[in-house]
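Working notes, structure below.
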Amino acid sequence: MLPDIAAPGTHMPSFIESFFDALRQPAPEERQSEAGLRLATAALLIEMMRADAHTTDTEETELRGALRQEFDLDDQALESLIAQARTEARDAPGYYAFTHRINAAFSLAQKLRLMEYLWRVALSDGHVAPHENHLMRKLADLIHIGHGDYHAAKARARHYLETKQQPA
(Lines give C-alpha, C1' and ligand atoms only; values in the text may rest on other atoms or scores of the structure.)
Protein backbone atom coordinates (compact mmCIF):
# COMPACT_ATOMS: atom_id res chain seq x y z
CA MET A 1 0.00 0.00 0.00
CA LEU A 2 1.26 3.47 -0.90
CA PRO A 3 1.67 5.99 1.88
CA ASP A 4 -0.83 8.86 2.03
CA ILE A 5 1.16 12.04 1.40
CA ALA A 6 -1.75 14.41 1.95
CA ALA A 7 -2.18 15.90 5.39
CA PRO A 8 -4.64 14.03 7.58
CA GLY A 9 -8.20 15.16 6.97
CA THR A 10 -7.45 16.76 3.61
CA HIS A 11 -8.33 15.52 0.18
CA MET A 12 -5.67 15.37 -2.49
CA PRO A 13 -7.19 15.93 -5.94
CA SER A 14 -6.85 12.98 -8.20
CA PHE A 15 -5.54 13.16 -11.73
CA ILE A 16 -9.08 12.74 -13.04
CA GLU A 17 -10.41 15.61 -10.90
CA SER A 18 -7.56 17.84 -12.11
CA PHE A 19 -8.23 16.83 -15.68
CA PHE A 20 -11.93 17.74 -15.44
CA ASP A 21 -11.14 21.00 -13.63
CA ALA A 22 -8.87 21.95 -16.53
CA LEU A 23 -11.63 21.13 -19.02
CA ARG A 24 -14.13 23.34 -17.19
CA GLN A 25 -11.88 26.41 -17.35
CA PRO A 26 -11.25 28.00 -20.74
CA ALA A 27 -7.72 27.77 -22.05
CA PRO A 28 -5.71 31.01 -22.19
CA GLU A 29 -6.10 31.20 -25.98
CA GLU A 30 -9.89 30.79 -25.62
CA ARG A 31 -10.02 33.64 -23.08
CA GLN A 32 -7.89 35.75 -25.42
CA SER A 33 -10.17 34.86 -28.34
CA GLU A 34 -13.25 35.83 -26.31
CA ALA A 35 -11.61 39.13 -25.37
CA GLY A 36 -10.80 39.72 -29.04
CA LEU A 37 -14.42 39.09 -30.03
CA ARG A 38 -15.66 41.46 -27.36
CA LEU A 39 -13.21 44.09 -28.53
CA ALA A 40 -14.13 43.60 -32.20
CA THR A 41 -17.85 43.84 -31.42
CA ALA A 42 -17.39 46.95 -29.29
CA ALA A 43 -15.16 48.60 -31.89
CA LEU A 44 -17.72 48.07 -34.66
CA LEU A 45 -20.50 49.47 -32.47
CA ILE A 46 -18.32 52.50 -31.70
CA GLU A 47 -17.61 52.97 -35.40
CA MET A 48 -21.35 52.93 -36.04
CA MET A 49 -21.90 55.47 -33.29
CA ARG A 50 -19.25 57.74 -34.82
CA ALA A 51 -20.45 57.29 -38.42
CA ASP A 52 -22.63 60.38 -38.42
CA ALA A 53 -21.61 63.92 -37.53
CA HIS A 54 -22.55 63.71 -33.86
CA THR A 55 -22.88 61.17 -31.10
CA THR A 56 -26.04 61.23 -29.01
CA ASP A 57 -26.79 59.93 -25.55
CA THR A 58 -29.24 57.44 -27.05
CA GLU A 59 -26.51 55.99 -29.27
CA GLU A 60 -24.23 55.68 -26.26
CA THR A 61 -27.03 53.99 -24.31
CA GLU A 62 -27.64 51.47 -27.10
CA LEU A 63 -23.91 50.75 -27.39
CA ARG A 64 -23.67 50.02 -23.68
CA GLY A 65 -26.90 48.03 -23.63
CA ALA A 66 -25.80 45.85 -26.54
CA LEU A 67 -22.41 45.07 -24.99
CA ARG A 68 -23.94 44.39 -21.58
CA GLN A 69 -26.61 42.14 -23.12
CA GLU A 70 -24.25 40.23 -25.39
CA PHE A 71 -21.36 39.72 -22.98
CA ASP A 72 -22.98 40.00 -19.52
CA LEU A 73 -20.47 42.60 -18.31
CA ASP A 74 -20.38 44.40 -14.99
CA ASP A 75 -19.87 48.18 -14.99
CA GLN A 76 -16.10 48.05 -14.59
CA ALA A 77 -15.60 45.47 -17.35
CA LEU A 78 -17.96 47.42 -19.63
CA GLU A 79 -16.08 50.71 -19.15
CA SER A 80 -12.74 48.99 -19.69
CA LEU A 81 -13.96 47.33 -22.89
CA ILE A 82 -15.39 50.58 -24.27
CA ALA A 83 -12.20 52.51 -23.51
CA GLN A 84 -10.05 49.86 -25.19
CA ALA A 85 -12.43 49.61 -28.16
CA ARG A 86 -12.38 53.39 -28.67
CA THR A 87 -8.60 53.27 -28.92
CA GLU A 88 -8.64 50.24 -31.23
CA ALA A 89 -11.31 51.77 -33.48
CA ARG A 90 -9.44 55.07 -33.65
CA ASP A 91 -6.11 53.42 -34.50
CA ALA A 92 -7.36 50.70 -36.87
CA PRO A 93 -6.66 51.21 -40.57
CA GLY A 94 -10.01 49.66 -41.46
CA TYR A 95 -12.60 47.14 -40.37
CA TYR A 96 -10.84 43.94 -41.44
CA ALA A 97 -9.19 43.23 -38.07
CA PHE A 98 -12.60 43.34 -36.42
CA THR A 99 -14.69 41.60 -39.08
CA HIS A 100 -12.07 38.87 -39.50
CA ARG A 101 -12.37 37.93 -35.80
CA ILE A 102 -16.14 37.93 -36.05
CA ASN A 103 -16.16 35.78 -39.20
CA ALA A 104 -13.76 33.32 -37.63
CA ALA A 105 -15.69 32.82 -34.43
CA PHE A 106 -19.31 33.95 -34.69
CA SER A 107 -22.12 31.76 -35.90
CA LEU A 108 -24.65 33.18 -38.35
CA ALA A 109 -27.04 33.78 -35.44
CA GLN A 110 -24.38 35.76 -33.57
CA LYS A 111 -23.60 37.81 -36.68
CA LEU A 112 -27.28 38.57 -37.13
CA ARG A 113 -27.49 39.67 -33.50
CA LEU A 114 -24.48 41.94 -34.10
CA MET A 115 -26.23 43.44 -37.13
CA GLU A 116 -29.27 44.10 -34.98
CA TYR A 117 -27.12 45.83 -32.34
CA LEU A 118 -25.50 47.95 -35.06
CA TRP A 119 -28.94 48.92 -36.34
CA ARG A 120 -30.06 49.79 -32.80
CA VAL A 121 -27.17 52.24 -32.53
CA ALA A 122 -27.79 53.67 -36.00
CA LEU A 123 -31.56 54.05 -35.49
CA SER A 124 -31.51 55.18 -31.87
CA ASP A 125 -31.32 58.89 -32.64
CA GLY A 126 -34.39 58.73 -34.88
CA HIS A 127 -32.75 58.72 -38.31
CA VAL A 128 -30.09 56.92 -40.29
CA ALA A 129 -27.50 59.26 -41.74
CA PRO A 130 -26.06 58.41 -45.17
CA HIS A 131 -22.69 57.51 -43.61
CA GLU A 132 -24.40 55.17 -41.15
CA ASN A 133 -26.32 53.50 -43.97
CA HIS A 134 -23.13 53.10 -45.99
CA LEU A 135 -21.29 51.61 -43.01
CA MET A 136 -24.15 49.18 -42.33
CA ARG A 137 -24.04 47.90 -45.90
CA LYS A 138 -20.26 47.61 -45.81
CA LEU A 139 -20.25 45.72 -42.52
CA ALA A 140 -23.03 43.41 -43.69
CA ASP A 141 -20.90 42.51 -46.70
CA LEU A 142 -17.76 42.05 -44.60
CA ILE A 143 -19.44 39.65 -42.17
CA HIS A 144 -21.35 37.87 -44.94
CA ILE A 145 -24.91 38.89 -44.07
CA GLY A 146 -27.39 38.50 -46.93
CA HIS A 147 -29.76 41.19 -48.10
CA GLY A 148 -32.85 39.62 -46.50
CA ASP A 149 -31.12 39.10 -43.16
CA TYR A 150 -29.78 42.67 -43.32
CA HIS A 151 -33.31 44.07 -43.62
CA ALA A 152 -34.72 41.65 -41.04
CA ALA A 153 -32.09 42.80 -38.51
CA LYS A 154 -33.07 46.41 -39.23
CA ALA A 155 -36.75 45.62 -38.69
CA ARG A 156 -36.01 43.82 -35.40
CA ALA A 157 -33.91 46.76 -34.20
CA ARG A 158 -36.62 49.24 -35.14
CA HIS A 159 -39.25 47.13 -33.34
CA TYR A 160 -37.00 46.86 -30.27
CA LEU A 161 -36.50 50.63 -30.13
CA GLU A 162 -40.23 51.34 -30.64
CA THR A 163 -41.19 48.86 -27.91
CA LYS A 164 -38.55 50.31 -25.59
CA GLN A 165 -39.98 53.82 -26.00
CA GLN A 166 -43.55 52.81 -25.17
CA PRO A 167 -44.62 53.37 -21.57
CA ALA A 168 -44.90 50.21 -19.52
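Every chain in the C-alpha coordinates has a letter given in the order shown (A, B, ...), and although residue numbers restart at 1 in each chain, ligands are simply numbered from 1 in the order shown.
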
So that each row is one residue of region 16-116 of chain A with an atom at most 8 Å from region 123-127 of chain A, can you give its shortest atom pair and the distance in Å to one decimal, using only C-alpha atoms, rows by chain and rising number, as CSV?
residue,atom,partner,partner_atom,distance
A:Thr56,CA,A:Asp125,CA,6.8
A:Thr58,CA,A:Ser124,CA,5.8
A:Glu59,CA,A:Ser124,CA,5.7
A:Glu62,CA,A:Ser124,CA,7.2

Set the distance at 10 Å and use only C-alpha atoms: which residues neighbour Asn133 (chain A) once local chain neighbours fewer than 3 positions away are removed? I'd like the list as a PyMOL selection string.
chain A and resi 48+51-52+119+122-123+128-130+136-139

Residues from last step as file, N, CA, C and O atoms, as a PDB file, in the first residue's frame:
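What ended up in out.pdb:
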ATOM      1  N   MET A  48     -20.004  52.576 -35.619  1.00  0.00           N
ATOM      2  CA  MET A  48     -21.353  52.935 -36.041  1.00  0.00           C
ATOM      3  C   MET A  48     -21.806  54.200 -35.327  1.00  0.00           C
ATOM      4  O   MET A  48     -22.410  55.084 -35.933  1.00  0.00           O
ATOM      5  N   ALA A  51     -20.295  57.192 -36.967  1.00  0.00           N
ATOM      6  CA  ALA A  51     -20.448  57.290 -38.421  1.00  0.00           C
ATOM      7  C   ALA A  51     -21.126  58.576 -38.868  1.00  0.00           C
ATOM      8  O   ALA A  51     -20.848  59.064 -39.956  1.00  0.00           O
ATOM      9  N   ASP A  52     -22.011  59.108 -38.030  1.00  0.00           N
ATOM     10  CA  ASP A  52     -22.630  60.375 -38.423  1.00  0.00           C
ATOM     11  C   ASP A  52     -21.883  61.530 -37.750  1.00  0.00           C
ATOM     12  O   ASP A  52     -20.921  61.328 -37.025  1.00  0.00           O
ATOM     13  N   TRP A 119     -27.751  48.168 -35.935  1.00  0.00           N
ATOM     14  CA  TRP A 119     -28.938  48.920 -36.337  1.00  0.00           C
ATOM     15  C   TRP A 119     -29.531  49.678 -35.157  1.00  0.00           C
ATOM     16  O   TRP A 119     -30.015  50.812 -35.322  1.00  0.00           O
ATOM     17  N   ALA A 122     -27.543  52.778 -34.869  1.00  0.00           N
ATOM     18  CA  ALA A 122     -27.793  53.667 -36.003  1.00  0.00           C
ATOM     19  C   ALA A 122     -29.178  54.312 -35.931  1.00  0.00           C
ATOM     20  O   ALA A 122     -29.336  55.490 -36.256  1.00  0.00           O
ATOM     21  N   LEU A 123     -30.171  53.554 -35.514  1.00  0.00           N
ATOM     22  CA  LEU A 123     -31.557  54.048 -35.487  1.00  0.00           C
ATOM     23  C   LEU A 123     -31.933  54.791 -34.206  1.00  0.00           C
ATOM     24  O   LEU A 123     -32.963  55.461 -34.159  1.00  0.00           O
ATOM     25  N   VAL A 128     -31.321  57.569 -39.851  1.00  0.00           N
ATOM     26  CA  VAL A 128     -30.088  56.920 -40.292  1.00  0.00           C
ATOM     27  C   VAL A 128     -29.414  57.864 -41.283  1.00  0.00           C
ATOM     28  O   VAL A 128     -29.936  58.130 -42.362  1.00  0.00           O
ATOM     29  N   ALA A 129     -28.270  58.367 -40.877  1.00  0.00           N
ATOM     30  CA  ALA A 129     -27.501  59.262 -41.736  1.00  0.00           C
ATOM     31  C   ALA A 129     -26.915  58.468 -42.901  1.00  0.00           C
ATOM     32  O   ALA A 129     -26.705  57.245 -42.782  1.00  0.00           O
ATOM     33  N   PRO A 130     -26.638  59.124 -44.018  1.00  0.00           N
ATOM     34  CA  PRO A 130     -26.065  58.414 -45.165  1.00  0.00           C
ATOM     35  C   PRO A 130     -24.782  57.640 -44.827  1.00  0.00           C
ATOM     36  O   PRO A 130     -24.594  56.528 -45.302  1.00  0.00           O
ATOM     37  N   MET A 136     -23.357  50.400 -42.556  1.00  0.00           N
ATOM     38  CA  MET A 136     -24.149  49.181 -42.328  1.00  0.00           C
ATOM     39  C   MET A 136     -24.028  48.224 -43.509  1.00  0.00           C
ATOM     40  O   MET A 136     -23.827  47.025 -43.321  1.00  0.00           O
ATOM     41  N   ARG A 137     -24.149  48.748 -44.712  1.00  0.00           N
ATOM     42  CA  ARG A 137     -24.038  47.896 -45.904  1.00  0.00           C
ATOM     43  C   ARG A 137     -22.639  47.290 -46.014  1.00  0.00           C
ATOM     44  O   ARG A 137     -22.488  46.113 -46.336  1.00  0.00           O
ATOM     45  N   LYS A 138     -21.636  48.091 -45.736  1.00  0.00           N
ATOM     46  CA  LYS A 138     -20.255  47.615 -45.806  1.00  0.00           C
ATOM     47  C   LYS A 138     -20.002  46.498 -44.782  1.00  0.00           C
ATOM     48  O   LYS A 138     -19.436  45.458 -45.111  1.00  0.00           O
ATOM     49  N   LEU A 139     -20.448  46.728 -43.559  1.00  0.00           N
ATOM     50  CA  LEU A 139     -20.249  45.718 -42.517  1.00  0.00           C
ATOM     51  C   LEU A 139     -21.033  44.450 -42.805  1.00  0.00           C
ATOM     52  O   LEU A 139     -20.542  43.339 -42.557  1.00  0.00           O
TER      53      LEU A 139
END

For Glu88 (chain A), please output as a PyMOL selection string all residues within 10 Å (counting only C-alpha atoms; exclusion window: fewer than 6 positions along the same chain).
chain A and resi 39-40+42-44+46+82+97-98

Can you pull out the residues contacting Ala35 (chain A)? Cut-off 12 Å, using only C-alpha atoms, and skip same-chain residues under 5 positions away; I want them as a list of chain:residue names.
A:Pro28, A:Glu29, A:Glu30, A:Ala40, A:Thr41, A:Ala42, A:Phe71, A:Leu73, A:Ala77, A:Leu78, A:Ser80, A:Leu81, A:Gln84, A:Ala85, A:Phe98, A:Arg101, A:Ile102, A:Ala105
